[in-house]
Amino acid sequence: MVSRVIPVDDFDLVIFGATGDLAHRKILPGLYRRFVAGQIPKTAQIIGAARTEQDDDAFRAEAKAAIVEFGKVDEGSDTLADFLRHLGYVSIDAKGDGGWDELKSRMRAGAIHAFYFSVAPSLFGDLAEHLARFGIADDHTRIVVEKPFGRDLASAHALNAVLREHFKEEQIYRIDHYLGKETVQNLMAVRFANILFEPLWKSEYVDHVQITVAETVGVAGRGSYYDKSGAIRDMVQNHMMQLLCLIAMEPPYHFDPDAVRDEKLKVIRALEPLEPGDIVRGQYQATEDAPGYTDDAENPASRTESYVALKVRISNWRWQGTPFYLRTGKKLRARTSEIAITFKEPPHSIFDDEGGPKANELVIRLQPNEGMNLKVMIKEPGPGGMRLTQVPLDMSFADALGDDGTDMPDAYERLIMDVIRGNQTLFMRGDEVEAAWAWTDPIIEAWEGSKIRPEPYDAGSSGPEEALRLMHRDNRRWREIRA
Ligand code: NAP
């Protein structure tokens, strides 16, 4: 099925940090794909900005190389040459006063103005202040800011305050690229566009929920950055919290930015503080042929976690008594992201079959092979009496939609187009981010104030043994991590 392209209004998009890694790997190739899809208006401008001194042509050559490499596009493509004509460049130091007048002269009246802050968060304030002081920003301007949005509640609060000095909340688009993923949005469609699941979506019928985001890569290459962050800041406070919210939230009254975000916020506020026994931290160990976490982080004394498992409780009517188990880590057995909802066993079995019916399980796979798998009980075929067996109703979205995935916009493409459309549904609101930090801060502080070392685990394993015990204690087990 070819995805429908809804044209957007004419725009001028300025990418601060256009010479950086994120612009090269994601933003520019993403915009190119939208151009190929026919979504970029003929007169739209994409203006790169960074300190590097270069002219429009040099930036076009740089962008071309990035799109060829990361977008896997043929260098001689005429379409690529057409796209590059939309690009321009202005040299600007976020901390200086040069270049801003030129940028202003390039912005067209009547077009939507969006500014992507793809730079270190320490520069957000300088950019916001200059955009305001040089009269480039007005009430309709949109700004896009990247993660990490703070490293604790205080810093997130300070960042929000800096941005709000010059922009209203409706103008600020905080990116969590997880929310731009097709299947993450599908969570809302599955829950709120089907009658089937919602009546059972509560502690009365759900035994527990498991959310897993497993990676096979380590932190080599970005060890010094990661070592200051760790799995809780890097994955739990943002991406996993968003997944948890989409699973746990009440139906919003409408698929509308504030209605959706209000419901997510209520979930975050209902999270109970974690008990010390509800969390396991791990660090991958060196093997004979591969370095361990502390080698990759170049910090032999590091206590930063490359793995974390949590048992989370939500204190509200719907979820009282149903734990949510979250785990995420580096150098694990397989790269996979999934959410598994394990339902309760039927209260009484009418069958003599040994063991009786097993609990139904709904697994929503985010990657790889996005899809859903519902485990149901059936009669085992054959004449051997009424014996029960569990079978998967397995649906790959790509198969079901007759799509090989090449036509699906990736998260960045979708989110940038949402900015131009002025739709904030898939962006985090300031109070949501702060509430998430308010919950994770005490967990991080307790750890930083202790002397405990993370549990070691082998690269290529499912994580530390202690994480298995977190589940066994509750007579439950993690699902196998496999691609
Ligand atoms: P990067 O490769 O270090 O690029 C930083 C960019 O900022 C460069 O274009 C740099 O260009 C520009 N810059 C630095 N100082 C500046 C100044 N004073 N004034 C104007 N421009 C300045 O960083 P990145 O990986 O692209 O990351 C950008 C942002 O995205 C960061 O907030 C990061 O946390 C976030 N992020 C990145 C990724 C990723 O995959 N890379 C993923 C998620 C979030 P000049 O040196 O030419 O000025």
# chains A, B, ... in the order shown; residues from 1 in each chain; ligands from 1
call {"tool": "residues_near_ligand", "arguments": {"ligand": "ligand 1", "cutoff": "7 Å", "atoms": "only C-alpha atoms and all ligand atoms", "output": "JSON, numbers by chain"}}
result
{"A": [16, 17, 18, 19, 20, 21, 22, 23, 49, 50, 51, 52, 92, 93, 94, 95, 118, 119, 120, 121, 123, 146, 147, 148]}
call {"tool": "write_last_selection", "arguments": {"atoms": "N, CA and C atoms", "output": "PDB file, in the first residue's frame"}}
result
ATOM      1  N   PHE A  16      19.744  24.885  12.264  1.00  0.00           N
ATOM      2  CA  PHE A  16      20.963  25.253  12.988  1.00  0.00           C
ATOM      3  C   PHE A  16      21.699  23.960  13.315  1.00  0.00           C
ATOM      4  N   GLY A  17      23.006  23.921  13.015  1.00  0.00           N
ATOM      5  CA  GLY A  17      23.755  22.664  13.196  1.00  0.00           C
ATOM      6  C   GLY A  17      23.688  21.827  11.928  1.00  0.00           C
ATOM      7  N   ALA A  18      23.540  22.515  10.779  1.00  0.00           N
ATOM      8  CA  ALA A  18      23.345  21.807   9.501  1.00  0.00           C
ATOM      9  C   ALA A  18      24.590  21.060   9.052  1.00  0.00           C
ATOM     10  N   THR A  19      25.741  21.383   9.657  1.00  0.00           N
ATOM     11  CA  THR A  19      26.969  20.671   9.265  1.00  0.00           C
ATOM     12  C   THR A  19      27.228  19.487  10.191  1.00  0.00           C
ATOM     13  N   GLY A  20      26.331  19.218  11.118  1.00  0.00           N
ATOM     14  CA  GLY A  20      26.558  18.184  12.142  1.00  0.00           C
ATOM     15  C   GLY A  20      26.051  16.812  11.740  1.00  0.00           C
ATOM     16  N   ASP A  21      26.294  15.872  12.633  1.00  0.00           N
ATOM     17  CA  ASP A  21      25.989  14.461  12.397  1.00  0.00           C
ATOM     18  C   ASP A  21      24.490  14.202  12.192  1.00  0.00           C
ATOM     19  N   LEU A  22      23.670  14.789  13.047  1.00  0.00           N
ATOM     20  CA  LEU A  22      22.230  14.521  12.962  1.00  0.00           C
ATOM     21  C   LEU A  22      21.651  15.064  11.648  1.00  0.00           C
ATOM     22  N   ALA A  23      22.102  16.267  11.272  1.00  0.00           N
ATOM     23  CA  ALA A  23      21.627  16.856  10.012  1.00  0.00           C
ATOM     24  C   ALA A  23      22.031  15.964   8.847  1.00  0.00           C
ATOM     25  N   ALA A  49      22.531  26.412   8.738  1.00  0.00           N
ATOM     26  CA  ALA A  49      23.253  27.441   9.487  1.00  0.00           C
ATOM     27  C   ALA A  49      24.175  26.767  10.490  1.00  0.00           C
ATOM     28  N   ALA A  50      25.395  27.245  10.548  1.00  0.00           N
ATOM     29  CA  ALA A  50      26.385  26.764  11.527  1.00  0.00           C
ATOM     30  C   ALA A  50      27.556  27.730  11.451  1.00  0.00           C
ATOM     31  N   ARG A  51      28.585  27.502  12.292  1.00  0.00           N
ATOM     32  CA  ARG A  51      29.708  28.449  12.277  1.00  0.00           C
ATOM     33  C   ARG A  51      30.560  28.307  11.030  1.00  0.00           C
ATOM     34  N   THR A  52      30.696  27.107  10.493  1.00  0.00           N
ATOM     35  CA  THR A  52      31.531  26.870   9.311  1.00  0.00           C
ATOM     36  C   THR A  52      31.246  27.925   8.234  1.00  0.00           C
ATOM     37  N   ILE A  92      26.524  31.285  10.773  1.00  0.00           N
ATOM     38  CA  ILE A  92      26.076  31.948  12.006  1.00  0.00           C
ATOM     39  C   ILE A  92      26.718  31.262  13.209  1.00  0.00           C
ATOM     40  N   ASP A  93      27.254  32.058  14.119  1.00  0.00           N
ATOM     41  CA  ASP A  93      27.655  31.521  15.421  1.00  0.00           C
ATOM     42  C   ASP A  93      26.524  31.866  16.383  1.00  0.00           C
ATOM     43  N   ALA A  94      25.969  30.839  17.024  1.00  0.00           N
ATOM     44  CA  ALA A  94      24.822  31.066  17.923  1.00  0.00           C
ATOM     45  C   ALA A  94      25.136  32.116  18.978  1.00  0.00           C
ATOM     46  N   LYS A  95      26.410  32.259  19.316  1.00  0.00           N
ATOM     47  CA  LYS A  95      26.787  33.184  20.387  1.00  0.00           C
ATOM     48  C   LYS A  95      27.152  34.568  19.861  1.00  0.00           C
ATOM     49  N   SER A 118      19.414  21.835  15.870  1.00  0.00           N
ATOM     50  CA  SER A 118      20.159  20.576  15.899  1.00  0.00           C
ATOM     51  C   SER A 118      21.585  20.853  16.385  1.00  0.00           C
ATOM     52  N   VAL A 119      21.654  21.456  17.553  1.00  0.00           N
ATOM     53  CA  VAL A 119      22.933  21.840  18.167  1.00  0.00           C
ATOM     54  C   VAL A 119      22.884  21.409  19.635  1.00  0.00           C
ATOM     55  N   ALA A 120      23.997  21.585  20.336  1.00  0.00           N
ATOM     56  CA  ALA A 120      24.010  21.238  21.759  1.00  0.00           C
ATOM     57  C   ALA A 120      22.971  22.080  22.509  1.00  0.00           C
ATOM     58  N   PRO A 121      22.282  21.488  23.496  1.00  0.00           N
ATOM     59  CA  PRO A 121      21.252  22.228  24.226  1.00  0.00           C
ATOM     60  C   PRO A 121      21.773  23.503  24.885  1.00  0.00           C
ATOM     61  N   LEU A 123      23.233  25.735  23.571  1.00  0.00           N
ATOM     62  CA  LEU A 123      23.099  26.854  22.622  1.00  0.00           C
ATOM     63  C   LEU A 123      21.646  27.261  22.382  1.00  0.00           C
ATOM     64  N   GLU A 146      16.048  19.197  20.071  1.00  0.00           N
ATOM     65  CA  GLU A 146      16.466  17.798  20.082  1.00  0.00           C
ATOM     66  C   GLU A 146      16.650  17.281  21.500  1.00  0.00           C
ATOM     67  N   LYS A 147      16.690  15.993  21.621  1.00  0.00           N
ATOM     68  CA  LYS A 147      17.037  15.395  22.911  1.00  0.00           C
ATOM     69  C   LYS A 147      18.553  15.459  23.089  1.00  0.00           C
ATOM     70  N   PRO A 148      19.167  15.440  24.217  1.00  0.00           N
ATOM     71  CA  PRO A 148      18.494  15.303  25.503  1.00  0.00           C
ATOM     72  C   PRO A 148      17.883  16.625  25.970  1.00  0.00           C
TER      73      PRO A 148
END
call {"tool": "select_by_dssp", "arguments": {"residues": "segment 337-440 of chain A", "states": "strand (DSSP E)", "output": "ChimeraX atom specification"}}
result
/A:337-343,361-367,371-379,388-396
call {"tool": "write_last_selection", "arguments": {"atoms": "C-alpha atoms", "output": "CSV table (one decimal), in the first residue's frame"}}
result
chain,number,residue,atom,x,y,z
A,337,SER,CA,11.9,-3.4,20.6
A,338,GLU,CA,8.6,-4.8,21.7
A,339,ILE,CA,5.7,-4.4,24.1
A,340,ALA,CA,4.1,-7.6,25.5
A,341,ILE,CA,0.8,-7.5,27.3
A,342,THR,CA,0.2,-10.8,29.2
A,343,PHE,CA,-3.4,-11.3,30.1
A,361,GLU,CA,-0.4,-12.6,25.2
A,362,LEU,CA,-0.5,-9.7,22.8
A,363,VAL,CA,3.0,-8.7,21.6
A,364,ILE,CA,3.4,-5.5,19.6
A,365,ARG,CA,6.7,-5.5,17.8
A,366,LEU,CA,8.2,-2.1,17.1
A,367,GLN,CA,11.4,-3.4,15.4
A,371,GLY,CA,3.7,-6.2,13.7
A,372,MET,CA,1.5,-7.9,16.2
A,373,ASN,CA,1.3,-11.3,17.6
A,374,LEU,CA,-1.7,-12.6,19.6
A,375,LYS,CA,-1.3,-15.9,21.4
A,376,VAL,CA,-4.6,-17.8,21.6
A,377,MET,CA,-5.5,-21.3,22.8
A,378,ILE,CA,-7.0,-23.8,20.4
A,379,LYS,CA,-7.6,-27.5,20.4
A,388,LEU,CA,-5.2,-27.6,24.3
A,389,THR,CA,-2.4,-25.8,22.6
A,390,GLN,CA,-1.4,-22.2,22.2
A,391,VAL,CA,-0.8,-20.8,18.7
A,392,PRO,CA,0.2,-17.3,17.5
A,393,LEU,CA,-2.0,-15.2,15.4
A,394,ASP,CA,1.0,-13.4,13.8
A,395,MET,CA,0.7,-10.4,11.7
A,396,SER,CA,3.5,-8.5,10.1
call {"tool": "residues_around", "arguments": {"residues": "Arg174 of chain A", "least_positions_apart": "5", "cutoff": "6 Å", "atoms": "only C-alpha atoms", "output": "list in words"}}
result
Val144, Val145, Phe427 and Met428 of chain A
call {"tool": "closest_residue", "arguments": {"among": "A:Tyr205, A:Trp439, A:Tyr412, A:Tyr116", "to": "Gln320 of chain A", "atoms": "only C-alpha atoms"}}
result
A:Tyr205
call {"tool": "residues_around", "arguments": {"residues": "Gln283 of chain A", "least_positions_apart": "5", "cutoff": "8 Å", "atoms": "only C-alpha atoms", "output": "list in words"}}
result
Tyr293, Thr304, Glu305, Ser306, Tyr307, Pro454, Glu455, Pro456 and Tyr457 of chain A
call {"tool": "write_last_selection", "arguments": {"atoms": "C-alpha atoms", "output": "PDB file, in the first residue's frame"}}
result
ATOM      1  CA  TYR A 293      31.680  -1.116  28.935  1.00  0.00           C
ATOM      2  CA  THR A 304      27.130   4.073  34.661  1.00  0.00           C
ATOM      3  CA  GLU A 305      24.558   1.489  33.631  1.00  0.00           C
ATOM      4  CA  SER A 306      24.482   0.122  30.082  1.00  0.00           C
ATOM      5  CA  TYR A 307      21.453  -1.965  31.090  1.00  0.00           C
ATOM      6  CA  PRO A 454      26.228  -2.312  38.322  1.00  0.00           C
ATOM      7  CA  GLU A 455      25.694  -6.065  37.864  1.00  0.00           C
ATOM      8  CA  PRO A 456      28.012  -7.463  35.206  1.00  0.00           C
ATOM      9  CA  TYR A 457      26.539  -9.219  32.181  1.00  0.00           C
TER      10      TYR A 457
END
call {"tool": "atom_distance", "arguments": {"atom1": "atom CA of Thr425 of chain A", "atom2": "atom CA of Glu413 of chain A"}}
result
15.0 Å
call {"tool": "residues_around", "arguments": {"residues": "segment 228-239 of chain A", "least_positions_apart": "2", "cutoff": "7 Å", "atoms": "only C-alpha atoms", "output": "NGL selection string"}}
result
:A and (151 or 176 or 178 or 224-226 or 241-243 or 304-308 or 329 or 436-437 or 440)
call {"tool": "residues_around", "arguments": {"residues": "segment 31-40 of chain A", "least_positions_apart": "5", "cutoff": "7 Å", "atoms": "only C-alpha atoms", "output": "list in words"}}
result
Val5, Ile6, Pro7, Val8, Phe83 and Glu413 of chain A
call {"tool": "write_last_selection", "arguments": {"atoms": "N, CA and C atoms", "output": "mmCIF file, in the first residue's frame"}}
result
data_model
loop_
_atom_site.group_PDB
_atom_site.id
_atom_site.type_symbol
_atom_site.label_atom_id
_atom_site.label_comp_id
_atom_site.auth_asym_id
_atom_site.auth_seq_id
_atom_site.Cartn_x
_atom_site.Cartn_y
_atom_site.Cartn_z
ATOM 1 N N VAL A 5 0.315 11.017 0.426
ATOM 2 C CA VAL A 5 1.101 12.214 0.690
ATOM 3 C C VAL A 5 0.159 13.401 0.765
ATOM 4 N N ILE A 6 0.166 14.054 1.918
ATOM 5 C CA ILE A 6 -0.683 15.234 2.064
ATOM 6 C C ILE A 6 0.237 16.444 1.981
ATOM 7 N N PRO A 7 0.086 17.274 0.953
ATOM 8 C CA PRO A 7 1.021 18.389 0.772
ATOM 9 C C PRO A 7 1.005 19.325 1.978
ATOM 10 N N VAL A 8 2.139 19.954 2.231
ATOM 11 C CA VAL A 8 2.200 20.926 3.320
ATOM 12 C C VAL A 8 2.288 22.320 2.710
ATOM 13 N N PHE A 83 16.319 18.701 -5.781
ATOM 14 C CA PHE A 83 16.140 18.955 -4.345
ATOM 15 C C PHE A 83 17.167 19.963 -3.847
ATOM 16 N N GLU A 413 11.378 12.223 9.151
ATOM 17 C CA GLU A 413 10.606 12.808 8.043
ATOM 18 C C GLU A 413 9.208 13.191 8.505
#
call {"tool": "atom_distance", "arguments": {"atom1": "atom CA of Leu470 of chain A", "atom2": "atom CA of Val206 of chain A"}}
result
18.8 Å
call {"tool": "select_by_dssp", "arguments": {"residues": "segment 90-238 of chain A", "states": "alpha helix (DSSP H)", "output": "MDAnalysis selection string"}}
result
chainID A and resid 100:106 124:133 153:164 182:192 223:227 230:231
